[in-house]
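The structure file target10.txt is reproduced below (compact mmCIF, C-alpha atoms).
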```
# COMPACT_ATOMS: atom_id res chain seq x y z
CA MET A 1 15.68 27.82 43.91
CA LYS A 2 15.30 29.44 40.48
CA ASN A 3 17.78 26.95 38.97
CA LEU A 4 15.84 24.04 40.46
CA LYS A 5 12.62 25.30 38.90
CA SER A 6 14.18 25.72 35.45
CA LEU A 7 15.78 22.28 35.77
CA LYS A 8 12.34 20.77 36.45
CA VAL A 9 10.91 22.54 33.38
CA VAL A 10 13.75 21.31 31.16
CA ALA A 11 13.36 17.77 32.52
CA ALA A 12 9.60 17.86 31.90
CA VAL A 13 10.14 19.02 28.32
CA LEU A 14 12.72 16.30 27.67
CA ILE A 15 10.42 13.63 29.12
CA ALA A 16 7.54 14.88 26.96
CA LEU A 17 9.72 14.81 23.83
CA ALA A 18 10.90 11.29 24.63
CA MET A 19 7.31 10.13 25.09
CA LEU A 20 6.33 11.65 21.75
CA ALA A 21 9.34 10.28 19.88
CA ALA A 22 9.18 6.72 21.25
CA PRO A 23 5.95 5.69 19.47
CA ALA A 24 7.15 7.25 16.22
CA LEU A 25 10.41 5.32 16.36
CA ALA A 26 8.66 2.11 17.36
CA ALA A 27 6.07 2.48 14.60
CA GLY A 28 8.79 2.66 11.96
CA GLN A 29 10.36 -0.53 13.28
CA ASP A 30 7.11 -2.51 13.54
CA LEU A 31 6.75 -2.86 9.79
CA THR A 32 9.05 -5.55 8.44
CA VAL A 33 9.72 -6.94 4.98
CA GLY A 34 7.80 -10.06 6.01
CA LYS A 35 4.69 -8.12 7.05
CA PHE A 36 4.78 -6.21 3.77
CA LEU A 37 5.03 -9.46 1.80
CA MET A 38 2.08 -10.82 3.79
CA GLU A 39 0.00 -7.77 2.81
CA ILE A 40 0.96 -8.16 -0.86
CA ALA A 41 0.03 -11.86 -0.73
CA LYS A 42 -3.32 -11.02 0.89
CA VAL A 43 -4.07 -8.52 -1.88
CA LYS A 44 -3.31 -11.20 -4.45
CA GLN A 45 -5.51 -13.62 -2.45
CA LEU A 46 -2.62 -15.99 -1.80
CA ASP A 47 -1.74 -17.97 1.32
CA ALA A 48 -0.18 -15.58 3.85
CA VAL A 49 -0.36 -17.07 7.34
CA ASP A 50 3.21 -15.97 8.04
CA ALA A 51 6.03 -14.17 6.24
CA LEU A 52 7.75 -17.31 4.94
CA THR A 53 4.49 -18.73 3.57
CA ALA A 54 3.70 -15.38 1.94
CA ARG A 55 7.12 -15.26 0.25
CA THR A 56 6.67 -18.84 -1.01
CA SER A 57 3.13 -18.12 -2.25
CA LEU A 58 4.32 -15.01 -4.07
CA ALA A 59 7.25 -16.93 -5.61
CA ASN A 60 4.82 -19.60 -6.85
CA ALA A 61 2.73 -16.81 -8.39
CA GLY A 62 5.80 -15.49 -10.24
CA ILE A 63 6.83 -12.73 -7.82
CA LYS A 64 10.33 -13.73 -6.82
CA VAL A 65 11.77 -11.31 -4.25
CA GLY A 66 14.96 -13.24 -3.61
CA ASN A 67 16.41 -13.69 -0.17
CA LEU A 68 15.22 -10.51 1.50
CA ASP A 69 15.52 -10.70 5.29
CA LEU A 70 11.90 -11.09 6.43
CA ASP A 71 12.58 -9.69 9.92
CA LYS A 72 14.37 -6.56 8.69
CA GLY A 73 12.64 -3.20 9.00
CA LEU A 74 11.00 -2.25 5.71
CA THR A 75 12.74 0.45 3.67
CA GLN A 76 11.83 2.23 0.47
CA GLY A 77 14.51 0.18 -1.29
CA ASP A 78 12.79 -3.05 -0.21
CA VAL A 79 9.45 -1.75 -1.50
CA VAL A 80 11.07 -0.96 -4.85
CA VAL A 81 12.56 -4.48 -5.10
CA ILE A 82 9.23 -6.11 -4.23
CA SER A 83 7.24 -3.79 -6.52
CA ASN A 84 9.54 -4.39 -9.48
CA ALA A 85 9.27 -8.16 -8.92
CA ALA A 86 5.47 -7.77 -8.93
CA GLY A 87 5.55 -5.92 -12.26
CA LEU A 88 5.18 -2.38 -10.90
CA PRO A 89 8.23 -0.46 -12.09
CA MET A 90 9.28 1.94 -9.32
CA SER A 91 12.33 3.74 -8.07
CA THR A 92 13.35 5.82 -5.08
CA SER A 93 15.96 8.44 -4.39
CA THR A 94 16.19 7.38 -0.73
CA PRO A 95 16.35 3.56 -0.63
CA GLU A 96 17.52 3.50 3.00
CA ALA A 97 14.55 5.54 4.28
CA ALA A 98 12.08 3.66 6.46
CA PHE A 99 8.69 2.77 5.00
CA SER A 100 5.96 3.42 7.56
CA ASN A 101 2.72 1.57 8.21
CA ASP A 102 0.74 4.56 6.87
CA GLN A 103 2.79 4.49 3.68
CA MET A 104 2.09 0.76 3.34
CA VAL A 105 -1.67 1.31 3.72
CA THR A 106 -1.52 4.02 1.05
CA PHE A 107 0.61 1.80 -1.20
CA ILE A 108 -1.79 -1.15 -0.91
CA GLY A 109 -4.80 1.11 -1.46
CA THR A 110 -3.26 2.72 -4.51
CA PHE A 111 -1.57 -0.23 -6.18
CA GLY A 112 -3.81 -3.07 -4.95
CA PRO A 113 -5.74 -3.30 -8.23
CA GLU A 114 -2.49 -3.44 -10.24
CA LEU A 115 -1.22 -6.18 -7.94
CA GLY A 116 -4.27 -8.27 -8.64
CA GLY A 117 -6.59 -7.14 -5.87
CA ASP A 118 -10.23 -6.15 -6.14
CA ASP A 119 -10.85 -2.48 -6.89
CA GLY A 120 -14.58 -2.82 -6.32
CA ASN A 121 -15.58 -2.67 -9.99
CA GLN A 122 -13.60 -5.36 -11.72
CA THR A 123 -11.03 -7.98 -10.93
CA ALA A 124 -7.58 -8.42 -12.38
CA GLY A 125 -7.69 -9.79 -15.90
CA ASP A 126 -11.21 -8.51 -16.60
CA LYS A 127 -11.69 -6.05 -19.37
CA PRO A 128 -13.23 -2.71 -18.42
CA LYS A 129 -17.00 -2.80 -18.46
CA VAL A 130 -18.24 -1.02 -21.59
CA ASP A 131 -21.82 -0.11 -22.38
CA PRO A 132 -22.47 -1.17 -26.01
CA ARG A 133 -24.95 1.73 -26.43
CA ASP A 134 -22.24 4.30 -25.66
CA LYS A 135 -21.10 5.96 -28.89
CA GLY A 136 -18.52 8.13 -27.16
CA LYS A 137 -20.44 11.38 -27.53
CA GLY A 138 -21.83 11.72 -24.02
CA LEU A 139 -25.29 10.25 -24.61
CA LYS A 140 -26.25 6.65 -25.00
CA LYS A 141 -28.62 5.88 -27.81
CA GLY A 142 -32.09 5.04 -26.65
CA LEU A 143 -31.80 6.35 -23.11
CA TYR A 144 -33.19 9.86 -23.52
CA LYS A 145 -36.33 11.17 -25.16
CA ARG A 146 -35.96 14.28 -27.29
CA SER A 147 -39.60 15.28 -26.91
CA PRO A 148 -42.59 14.03 -24.92
CA SER A 149 -44.25 12.69 -28.08
CA GLU A 150 -41.19 10.90 -29.51
CA PRO A 151 -41.05 7.18 -28.72
CA ILE A 152 -38.03 5.73 -27.05
```

This entry written out as C-alpha cells:
Amino acid sequence: MKNLKSLKVVAAVLIALAMLAAPALAAGQDLTVGKFLMEIAKVKQLDAVDALTARTSLANAGIKVGNLDLDKGLTQGDVVVISNAAGLPMSTSTPEAAFSNDQMVTFIGTFGPELGGDDGNQTAGDKPKVDPRDKGKGLKKGLYKRSPSEPI
C-alpha cells in the first residue's frame, strides 16, 4: 500500500515535469530561420508574406543569406550569419544553441533601428536631429531669462 502511494506521487511528479517541459521544447522549435527572416524583412519594411518572399526581398535589398534552410529551427549561428549579412557584425560561442522567440523579440527591439526600422525618433539614413541653438554647454541660447527684467 505504501509503495503504491509513493508510485502515484512519483508518477504525478513526472507527469507535471513533462507538462512543464513540453511547451518549452515546442517553443524553441516554433521559431524557424524563415520566420526570423520574415521579421527582419518586416523591420526593413520589405515584402514578407512568407519565408521565401522575405529571403528574396532581403536579397534584393543587399542582404544575401545564402541557402539557409527556411524550415530549420533557428540557432544562434543562423542569427550570426543573417546579422553579418545585414551589416551587424556579431559572433557567438554557442552557434548550435537554439534561439528562442523571446530572444528574437529582444533582438528585433534592440537592433531594429540598425536594420533600418523606425526607432520612433528618426528613420534610417536620417541624421540625428540637432537643435541649432545648442552650444554644447547645457543651455540653449535664448531659452532662459537670467533675470525678470532682462529681455529674451

Please determine an axis-aligned box that encloses all atoms of range 90-108 of chain A listed in the file, with 6 Å added on each side, and express its centre and edge lengths in Å to one decimal as JSON.
```
{"center_x": 7.9, "center_y": 3.6, "center_z": -0.6, "size_x": 31.3, "size_y": 21.6, "size_z": 29.5}
```

Taking into account all atoms listed in the file, which residue in the set A:Asn67, A:Gln103, A:Thr110, A:Thr56 is nearest to Val79 in chain A?
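Of all the options, A:Gln103 lies closest to Val79 in chain A.
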
Quick one: distance from CA of Gly87 in chain A to CA of Glu114 in chain A in Å, one decimal?
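We find that CA of Gly87 in chain A and CA of Glu114 in chain A lie 8.7 Å from each other.
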
I'd like to know which of A:Ala54, A:Ala85, A:Leu68, A:Val43 is closest to Phe111 in chain A, using all atoms listed in the file.
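Using all atoms listed in the file, the shortest distance to Phe111 in chain A belongs to A:Val43.
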
Which of these, A:Gly109, A:Gly66, A:Ala98, A:Met104, has the shortest distance to Met38 in chain A once you count all atoms listed in the file?
A:Met104

Leaving out Ala59 in chain A and any residue of its chain fewer than 5 positions from it, which residues lie within 12 Å of it when counting only C-alpha atoms, given as a list in words?
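Using only C-alpha atoms, the neighbours found are Leu37, Ile40, Ala41, Leu46, Asp47, Leu52, Thr53, Ala54, Lys64, Val65, Gly66, Asn67, Ile82, Ala85 and Ala86 of chain A.
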
Interatomic distance, CA of Gly112 in chain A to CA of Phe36 in chain A (Å, one decimal):
12.6 Å

As an mmCIF file, in the coordinates of the input, could you write out range 76-93 of chain A once it has been completed with N, CA and C atoms?
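Produced file rebuild-v9.cif, reproduced below:
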```cif
data_model
loop_
_atom_site.group_PDB
_atom_site.id
_atom_site.type_symbol
_atom_site.label_atom_id
_atom_site.label_comp_id
_atom_site.auth_asym_id
_atom_site.auth_seq_id
_atom_site.Cartn_x
_atom_site.Cartn_y
_atom_site.Cartn_z
ATOM 1 N N GLN A 76 12.321 1.906 1.804
ATOM 2 C CA GLN A 76 11.830 2.230 0.470
ATOM 3 C C GLN A 76 12.523 1.368 -0.581
ATOM 4 N N GLY A 77 13.783 1.043 -0.368
ATOM 5 C CA GLY A 77 14.510 0.180 -1.290
ATOM 6 C C GLY A 77 13.887 -1.209 -1.371
ATOM 7 N N ASP A 78 13.457 -1.743 -0.218
ATOM 8 C CA ASP A 78 12.790 -3.050 -0.210
ATOM 9 C C ASP A 78 11.479 -2.991 -0.975
ATOM 10 N N VAL A 79 10.734 -1.913 -0.800
ATOM 11 C CA VAL A 79 9.450 -1.750 -1.500
ATOM 12 C C VAL A 79 9.685 -1.699 -3.004
ATOM 13 N N VAL A 80 10.749 -1.034 -3.422
ATOM 14 C CA VAL A 80 11.070 -0.960 -4.850
ATOM 15 C C VAL A 80 11.404 -2.348 -5.390
ATOM 16 N N VAL A 81 12.205 -3.123 -4.665
ATOM 17 C CA VAL A 81 12.560 -4.480 -5.100
ATOM 18 C C VAL A 81 11.311 -5.342 -5.237
ATOM 19 N N ILE A 82 10.442 -5.294 -4.227
ATOM 20 C CA ILE A 82 9.230 -6.110 -4.230
ATOM 21 C C ILE A 82 8.282 -5.645 -5.342
ATOM 22 N N SER A 83 8.136 -4.336 -5.492
ATOM 23 C CA SER A 83 7.240 -3.790 -6.520
ATOM 24 C C SER A 83 7.710 -4.165 -7.923
ATOM 25 N N ASN A 84 9.000 -4.026 -8.167
ATOM 26 C CA ASN A 84 9.540 -4.390 -9.480
ATOM 27 C C ASN A 84 9.338 -5.878 -9.760
ATOM 28 N N ALA A 85 9.496 -6.721 -8.738
ATOM 29 C CA ALA A 85 9.270 -8.160 -8.920
ATOM 30 C C ALA A 85 7.801 -8.444 -9.228
ATOM 31 N N ALA A 86 6.910 -7.590 -8.704
ATOM 32 C CA ALA A 86 5.470 -7.770 -8.930
ATOM 33 C C ALA A 86 5.004 -7.137 -10.244
ATOM 34 N N GLY A 87 5.916 -6.518 -10.979
ATOM 35 C CA GLY A 87 5.550 -5.920 -12.260
ATOM 36 C C GLY A 87 5.150 -4.463 -12.172
ATOM 37 N N LEU A 88 5.434 -3.818 -11.052
ATOM 38 C CA LEU A 88 5.180 -2.380 -10.900
ATOM 39 C C LEU A 88 6.514 -1.657 -10.903
ATOM 40 N N PRO A 89 6.921 -1.113 -12.039
ATOM 41 C CA PRO A 89 8.230 -0.460 -12.090
ATOM 42 C C PRO A 89 8.244 0.795 -11.213
ATOM 43 N N MET A 90 9.147 0.812 -10.243
ATOM 44 C CA MET A 90 9.280 1.940 -9.320
ATOM 45 C C MET A 90 10.747 2.208 -9.062
ATOM 46 N N SER A 91 10.983 3.384 -8.502
ATOM 47 C CA SER A 91 12.330 3.740 -8.070
ATOM 48 C C SER A 91 12.213 4.684 -6.889
ATOM 49 N N THR A 92 13.322 4.902 -6.209
ATOM 50 C CA THR A 92 13.350 5.820 -5.080
ATOM 51 C C THR A 92 14.700 6.508 -5.042
ATOM 52 N N SER A 93 14.691 7.722 -4.543
ATOM 53 C CA SER A 93 15.960 8.440 -4.390
ATOM 54 C C SER A 93 16.524 8.238 -2.990
#
```
